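> Sharing a structure, written as structure tokens. Questions coming.
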Amino acid sequence: MSVSLPDPVAAYFEASNQADIDRLASCFTPDATVYDEGRTHRGRAAIAAWQTDARKKFQFSAEPLEASRDGNRVAVAANVVGNFPGSPVELEHVFLLADDKIQSLEIR
């Protein structure tokens, strides 16, 4: 299914699915935050470390199913499939955009 996403969000999912950590981190502003699995990761280096750690543990991909936008807030429901317990799972990714980059991401 093809879902229309703002460029930085589309780039995030593409980089994530290709396990391209550097490209994924570059989708974010320098001071961005990611909240996932009860932890907050601040800044591009911490975001890259978060993805590196996740990729060491599991192989996974995310397919956006639907998206909604309210100003700079973009909510994306994505089907996440991989070799992790409970796969597949539908997760909501809530992005806050700033200057054509991702300022924050909350995965729930």
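Identifiers in this document derive from the order of the structure tokens: chains are assigned A, B, ..., residues are numbered from 1 separately in each chain, and ligands are numbered from 1 in order of occurrence.
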Within 12 Å of Thr52 (chain A), counting only C-alpha atoms, which residues show up once you throw out same-chain ones fewer than 2 positions away? Write them as a short mmCIF file (atom, residue, chain, number, x, y, z; two decimals) with all heavy atoms, in the first residue's frame, please.


```cif
data_model
loop_
_atom_site.label_atom_id
_atom_site.label_comp_id
_atom_site.auth_asym_id
_atom_site.auth_seq_id
_atom_site.Cartn_x
_atom_site.Cartn_y
_atom_site.Cartn_z
N SER A 16 15.15 3.39 7.45
CA SER A 16 14.97 2.35 8.46
C SER A 16 14.87 0.98 7.82
O SER A 16 15.52 0.02 8.26
CB SER A 16 13.72 2.65 9.29
OG SER A 16 13.47 1.61 10.22
N ALA A 19 18.06 -0.33 6.78
CA ALA A 19 19.04 -0.38 7.88
C ALA A 19 20.20 0.58 7.62
O ALA A 19 21.35 0.29 7.94
CB ALA A 19 19.53 -1.80 8.13
N ASP A 20 19.91 1.74 7.04
CA ASP A 20 20.90 2.77 6.74
C ASP A 20 20.91 3.76 7.90
O ASP A 20 20.21 4.77 7.88
CB ASP A 20 20.56 3.45 5.42
CG ASP A 20 21.64 4.41 4.96
OD1 ASP A 20 22.45 4.88 5.79
OD2 ASP A 20 21.66 4.72 3.74
N ILE A 21 21.71 3.46 8.91
CA ILE A 21 21.71 4.21 10.17
C ILE A 21 22.10 5.67 9.95
O ILE A 21 21.46 6.58 10.48
CB ILE A 21 22.68 3.56 11.20
CG1 ILE A 21 22.36 2.08 11.39
CG2 ILE A 21 22.66 4.33 12.50
CD1 ILE A 21 21.04 1.75 11.97
N ASP A 22 23.14 5.94 9.17
CA ASP A 22 23.58 7.32 8.94
C ASP A 22 22.50 8.13 8.25
O ASP A 22 22.23 9.28 8.62
CB ASP A 22 24.87 7.35 8.13
CG ASP A 22 26.06 6.82 8.90
OD1 ASP A 22 26.03 6.84 10.16
OD2 ASP A 22 27.03 6.37 8.26
N LEU A 24 19.29 7.48 8.24
CA LEU A 24 18.17 7.63 9.16
C LEU A 24 18.44 8.79 10.12
O LEU A 24 17.59 9.66 10.30
CB LEU A 24 17.94 6.34 9.94
CG LEU A 24 16.75 6.37 10.89
CD1 LEU A 24 15.97 5.08 10.82
CD2 LEU A 24 17.19 6.64 12.30
N ALA A 25 19.62 8.84 10.71
CA ALA A 25 19.94 9.91 11.67
C ALA A 25 19.90 11.28 11.00
O ALA A 25 19.50 12.26 11.63
CB ALA A 25 21.31 9.65 12.30
N ALA A 45 23.48 11.57 17.35
CA ALA A 45 24.36 10.47 17.76
C ALA A 45 23.59 9.45 18.59
O ALA A 45 23.75 8.23 18.40
CB ALA A 45 25.56 11.00 18.54
N ALA A 46 22.75 9.91 19.50
CA ALA A 46 21.96 9.01 20.34
C ALA A 46 20.91 8.27 19.50
O ALA A 46 20.63 7.09 19.73
CB ALA A 46 21.28 9.77 21.47
N ILE A 47 20.36 8.94 18.51
CA ILE A 47 19.38 8.31 17.62
C ILE A 47 20.06 7.23 16.79
O ILE A 47 19.53 6.13 16.61
CB ILE A 47 18.67 9.38 16.76
CG1 ILE A 47 17.77 10.24 17.65
CG2 ILE A 47 17.88 8.73 15.62
CD1 ILE A 47 17.25 11.50 17.01
N ALA A 48 21.26 7.51 16.29
CA ALA A 48 22.01 6.50 15.54
C ALA A 48 22.34 5.31 16.44
O ALA A 48 22.21 4.15 16.01
CB ALA A 48 23.28 7.11 14.96
N ALA A 49 22.72 5.57 17.68
CA ALA A 49 23.03 4.48 18.62
C ALA A 49 21.79 3.65 18.92
O ALA A 49 21.87 2.41 19.01
CB ALA A 49 23.61 5.05 19.91
N TRP A 50 20.64 4.29 19.05
CA TRP A 50 19.36 3.59 19.28
C TRP A 50 19.07 2.64 18.12
O TRP A 50 18.74 1.47 18.35
CB TRP A 50 18.25 4.64 19.43
CG TRP A 50 16.86 4.19 19.17
CD1 TRP A 50 16.11 3.32 19.93
CD2 TRP A 50 16.01 4.58 18.08
NE1 TRP A 50 14.86 3.16 19.38
CE2 TRP A 50 14.78 3.93 18.24
CE3 TRP A 50 16.18 5.44 16.99
CZ2 TRP A 50 13.72 4.09 17.35
CZ3 TRP A 50 15.12 5.61 16.11
CH2 TRP A 50 13.91 4.94 16.29
N ALA A 54 19.09 -1.50 18.10
CA ALA A 54 17.89 -2.23 17.66
C ALA A 54 18.23 -3.21 16.54
O ALA A 54 17.75 -4.35 16.53
CB ALA A 54 16.82 -1.24 17.19
N ARG A 55 19.10 -2.80 15.63
CA ARG A 55 19.48 -3.66 14.50
C ARG A 55 20.38 -4.82 14.93
O ARG A 55 20.39 -5.86 14.28
CB ARG A 55 20.17 -2.84 13.40
CG ARG A 55 19.23 -1.89 12.69
CD ARG A 55 18.26 -2.63 11.84
NE ARG A 55 17.24 -1.74 11.30
CZ ARG A 55 16.24 -2.16 10.55
NH1 ARG A 55 16.12 -3.44 10.24
NH2 ARG A 55 15.36 -1.32 10.11
N LYS A 56 21.11 -4.64 16.02
CA LYS A 56 21.91 -5.75 16.54
C LYS A 56 21.02 -6.83 17.13
O LYS A 56 21.34 -8.01 17.07
CB LYS A 56 22.88 -5.25 17.63
CG LYS A 56 24.06 -4.50 17.09
CD LYS A 56 24.96 -4.03 18.21
CE LYS A 56 26.12 -3.22 17.67
NZ LYS A 56 26.95 -2.67 18.77
N LYS A 57 19.88 -6.41 17.70
CA LYS A 57 18.96 -7.35 18.34
C LYS A 57 18.02 -8.02 17.35
O LYS A 57 17.73 -9.20 17.46
CB LYS A 57 18.12 -6.62 19.39
CG LYS A 57 18.90 -6.11 20.57
CD LYS A 57 17.96 -5.36 21.51
CE LYS A 57 18.70 -4.67 22.62
NZ LYS A 57 17.79 -3.85 23.44
N PHE A 58 17.49 -7.23 16.40
CA PHE A 58 16.42 -7.73 15.53
C PHE A 58 16.58 -7.22 14.10
O PHE A 58 17.15 -6.17 13.87
CB PHE A 58 15.05 -7.26 16.04
CG PHE A 58 14.77 -7.60 17.46
CD1 PHE A 58 14.73 -6.62 18.43
CD2 PHE A 58 14.55 -8.92 17.84
CE1 PHE A 58 14.47 -6.93 19.76
CE2 PHE A 58 14.29 -9.24 19.16
CZ PHE A 58 14.25 -8.25 20.13
N GLN A 59 16.01 -8.01 13.18
CA GLN A 59 15.81 -7.54 11.81
C GLN A 59 14.34 -7.19 11.71
O GLN A 59 13.48 -7.95 12.17
CB GLN A 59 16.15 -8.64 10.82
CG GLN A 59 17.61 -9.03 10.82
CD GLN A 59 17.86 -10.23 9.93
OE1 GLN A 59 16.94 -10.93 9.50
NE2 GLN A 59 19.12 -10.49 9.66
#
```

> List as an MDAnalysis selection string the protein and nucleic acid residues near Phe60 (chain A), meaning an atom at most 8 Å away when only C-alpha atoms are counted, but skip any in the same chain fewer than 5 places from it.

chainID A and resid 17 55 80:84

> Would you mind listing what lies within 8 Å of Ile107 (chain A) as a list in words, with only C-alpha atoms counted and same-chain residues fewer than 5 positions away left out?

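The residues that qualify are Val34, Tyr35, Asp36, Glu37, Leu91, Glu92, His93 and Val94 of chain A.
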
> Mind pulling up the distance from CA of Glu106 (chain A) to CA of Ser2 (chain A)?

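Computed distance, CA of Ser2 (chain A) to CA of Glu106 (chain A), equals 22.0 Å.
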
> Can you list, as a PyMOL selection string, every residue of region 69-107 of chain A that DSSP puts in strand (DSSP E or B)?

chain A and resi 69-70+73-82+89-98+101-107

> Next, write the just-selected residues to a file, as an mmCIF file, in the first residue's frame, keeping N, CA, C and O atoms as the atom set.


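Wrote it out as out.cif, contents follow:
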```cif
data_model
loop_
_atom_site.group_PDB
_atom_site.id
_atom_site.type_symbol
_atom_site.label_atom_id
_atom_site.label_comp_id
_atom_site.auth_asym_id
_atom_site.auth_seq_id
_atom_site.Cartn_x
_atom_site.Cartn_y
_atom_site.Cartn_z
ATOM 1 N N ARG A 69 -2.127 14.242 9.148
ATOM 2 C CA ARG A 69 -1.268 15.399 9.430
ATOM 3 C C ARG A 69 -2.097 16.522 10.015
ATOM 4 O O ARG A 69 -3.200 16.813 9.541
ATOM 5 N N ASP A 70 -1.552 17.142 11.051
ATOM 6 C CA ASP A 70 -2.154 18.317 11.671
ATOM 7 C C ASP A 70 -1.025 19.317 11.879
ATOM 8 O O ASP A 70 -0.257 19.202 12.841
ATOM 9 N N ARG A 73 2.580 18.110 12.921
ATOM 10 C CA ARG A 73 2.458 16.791 13.553
ATOM 11 C C ARG A 73 1.949 15.788 12.523
ATOM 12 O O ARG A 73 0.933 16.008 11.872
ATOM 13 N N VAL A 74 2.683 14.682 12.375
ATOM 14 C CA VAL A 74 2.307 13.633 11.432
ATOM 15 C C VAL A 74 2.232 12.315 12.201
ATOM 16 O O VAL A 74 3.211 11.910 12.833
ATOM 17 N N ALA A 75 1.064 11.681 12.169
ATOM 18 C CA ALA A 75 0.887 10.384 12.826
ATOM 19 C C ALA A 75 0.792 9.312 11.747
ATOM 20 O O ALA A 75 -0.001 9.437 10.808
ATOM 21 N N VAL A 76 1.604 8.268 11.886
ATOM 22 C CA VAL A 76 1.653 7.197 10.893
ATOM 23 C C VAL A 76 1.424 5.863 11.603
ATOM 24 O O VAL A 76 2.161 5.510 12.521
ATOM 25 N N ALA A 77 0.396 5.139 11.171
ATOM 26 C CA ALA A 77 0.210 3.759 11.632
ATOM 27 C C ALA A 77 1.027 2.882 10.696
ATOM 28 O O ALA A 77 0.901 2.982 9.469
ATOM 29 N N ALA A 78 1.893 2.052 11.284
ATOM 30 C CA ALA A 78 2.776 1.215 10.469
ATOM 31 C C ALA A 78 2.743 -0.224 10.961
ATOM 32 O O ALA A 78 2.715 -0.476 12.170
ATOM 33 N N ASN A 79 2.752 -1.139 10.012
ATOM 34 C CA ASN A 79 2.859 -2.561 10.320
ATOM 35 C C ASN A 79 4.348 -2.894 10.404
ATOM 36 O O ASN A 79 5.077 -2.755 9.428
ATOM 37 N N VAL A 80 4.804 -3.308 11.591
ATOM 38 C CA VAL A 80 6.214 -3.611 11.813
ATOM 39 C C VAL A 80 6.364 -5.126 11.899
ATOM 40 O O VAL A 80 5.723 -5.777 12.723
ATOM 41 N N VAL A 81 7.208 -5.665 11.027
ATOM 42 C CA VAL A 81 7.405 -7.110 10.912
ATOM 43 C C VAL A 81 8.888 -7.412 11.100
ATOM 44 O O VAL A 81 9.740 -6.708 10.566
ATOM 45 N N GLY A 82 9.188 -8.464 11.868
ATOM 46 C CA GLY A 82 10.582 -8.839 12.043
ATOM 47 C C GLY A 82 10.725 -10.077 12.895
ATOM 48 O O GLY A 82 9.749 -10.775 13.172
ATOM 49 N N VAL A 89 3.398 -6.346 14.452
ATOM 50 C CA VAL A 89 2.682 -5.460 15.361
ATOM 51 C C VAL A 89 2.433 -4.142 14.635
ATOM 52 O O VAL A 89 3.254 -3.700 13.835
ATOM 53 N N GLU A 90 1.280 -3.549 14.908
ATOM 54 C CA GLU A 90 0.990 -2.233 14.349
ATOM 55 C C GLU A 90 1.367 -1.196 15.384
ATOM 56 O O GLU A 90 0.894 -1.239 16.518
ATOM 57 N N LEU A 91 2.258 -0.284 15.012
ATOM 58 C CA LEU A 91 2.725 0.757 15.906
ATOM 59 C C LEU A 91 2.407 2.126 15.326
ATOM 60 O O LEU A 91 2.466 2.322 14.107
ATOM 61 N N GLU A 92 2.095 3.056 16.211
ATOM 62 C CA GLU A 92 1.885 4.434 15.787
ATOM 63 C C GLU A 92 3.200 5.191 15.940
ATOM 64 O O GLU A 92 3.845 5.128 16.990
ATOM 65 N N HIS A 93 3.599 5.864 14.892
ATOM 66 C CA HIS A 93 4.784 6.709 14.879
ATOM 67 C C HIS A 93 4.279 8.149 14.795
ATOM 68 O O HIS A 93 3.626 8.513 13.812
ATOM 69 N N VAL A 94 4.561 8.948 15.816
ATOM 70 C CA VAL A 94 4.118 10.340 15.828
ATOM 71 C C VAL A 94 5.345 11.234 15.652
ATOM 72 O O VAL A 94 6.230 11.259 16.506
ATOM 73 N N PHE A 95 5.373 11.926 14.532
ATOM 74 C CA PHE A 95 6.491 12.790 14.165
ATOM 75 C C PHE A 95 6.100 14.247 14.377
ATOM 76 O O PHE A 95 4.969 14.634 14.096
ATOM 77 N N LEU A 96 7.050 15.050 14.832
ATOM 78 C CA LEU A 96 6.918 16.493 14.852
ATOM 79 C C LEU A 96 7.997 17.020 13.919
ATOM 80 O O LEU A 96 9.182 16.689 14.090
ATOM 81 N N LEU A 97 7.603 17.782 12.912
ATOM 82 C CA LEU A 97 8.536 18.251 11.882
ATOM 83 C C LEU A 97 8.952 19.695 12.130
ATOM 84 O O LEU A 97 8.166 20.482 12.664
ATOM 85 N N ALA A 98 10.182 20.019 11.733
ATOM 86 C CA ALA A 98 10.704 21.388 11.808
ATOM 87 C C ALA A 98 11.731 21.565 10.701
ATOM 88 O O ALA A 98 12.678 20.782 10.605
ATOM 89 N N LYS A 101 12.877 18.607 8.566
ATOM 90 C CA LYS A 101 13.544 17.535 9.308
ATOM 91 C C LYS A 101 12.583 17.059 10.399
ATOM 92 O O LYS A 101 11.570 17.700 10.684
ATOM 93 N N ILE A 102 12.929 15.952 11.027
ATOM 94 C CA ILE A 102 12.131 15.446 12.137
ATOM 95 C C ILE A 102 12.691 16.018 13.436
ATOM 96 O O ILE A 102 13.869 15.833 13.750
ATOM 97 N N GLN A 103 11.842 16.725 14.179
ATOM 98 C CA GLN A 103 12.232 17.309 15.471
ATOM 99 C C GLN A 103 12.056 16.294 16.593
ATOM 100 O O GLN A 103 12.838 16.220 17.525
ATOM 101 N N SER A 104 10.977 15.492 16.481
ATOM 102 C CA SER A 104 10.762 14.448 17.485
ATOM 103 C C SER A 104 9.969 13.302 16.870
ATOM 104 O O SER A 104 9.232 13.484 15.900
ATOM 105 N N LEU A 105 10.154 12.142 17.457
ATOM 106 C CA LEU A 105 9.436 10.925 17.063
ATOM 107 C C LEU A 105 9.082 10.168 18.320
ATOM 108 O O LEU A 105 9.945 9.947 19.171
ATOM 109 N N GLU A 106 7.819 9.807 18.431
ATOM 110 C CA GLU A 106 7.369 8.933 19.518
ATOM 111 C C GLU A 106 6.767 7.700 18.879
ATOM 112 O O GLU A 106 5.885 7.801 18.028
ATOM 113 N N ILE A 107 7.270 6.537 19.282
ATOM 114 C CA ILE A 107 6.767 5.261 18.761
ATOM 115 C C ILE A 107 5.988 4.588 19.870
ATOM 116 O O ILE A 107 6.510 4.368 20.957
#
```

> Could you give me the residues within chain A that DSSP places in helix (DSSP H, G or I), as a VMD selection string?

chain A and resid 7 to 17 21 to 26 44 to 57

> Which residue out of A:Leu5, A:Ala15, A:Ala32, A:Cys27 has the minimum interatomic distance to Ala62 (chain A) when only C-alpha atoms are used?

A:Ala15

> Rounded to one decimal place, report the CA of Thr29 (chain A)-CA of Gln51 (chain A) distance in Å.

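We find that CA of Thr29 (chain A) and CA of Gln51 (chain A) lie 15.9 Å from each other.
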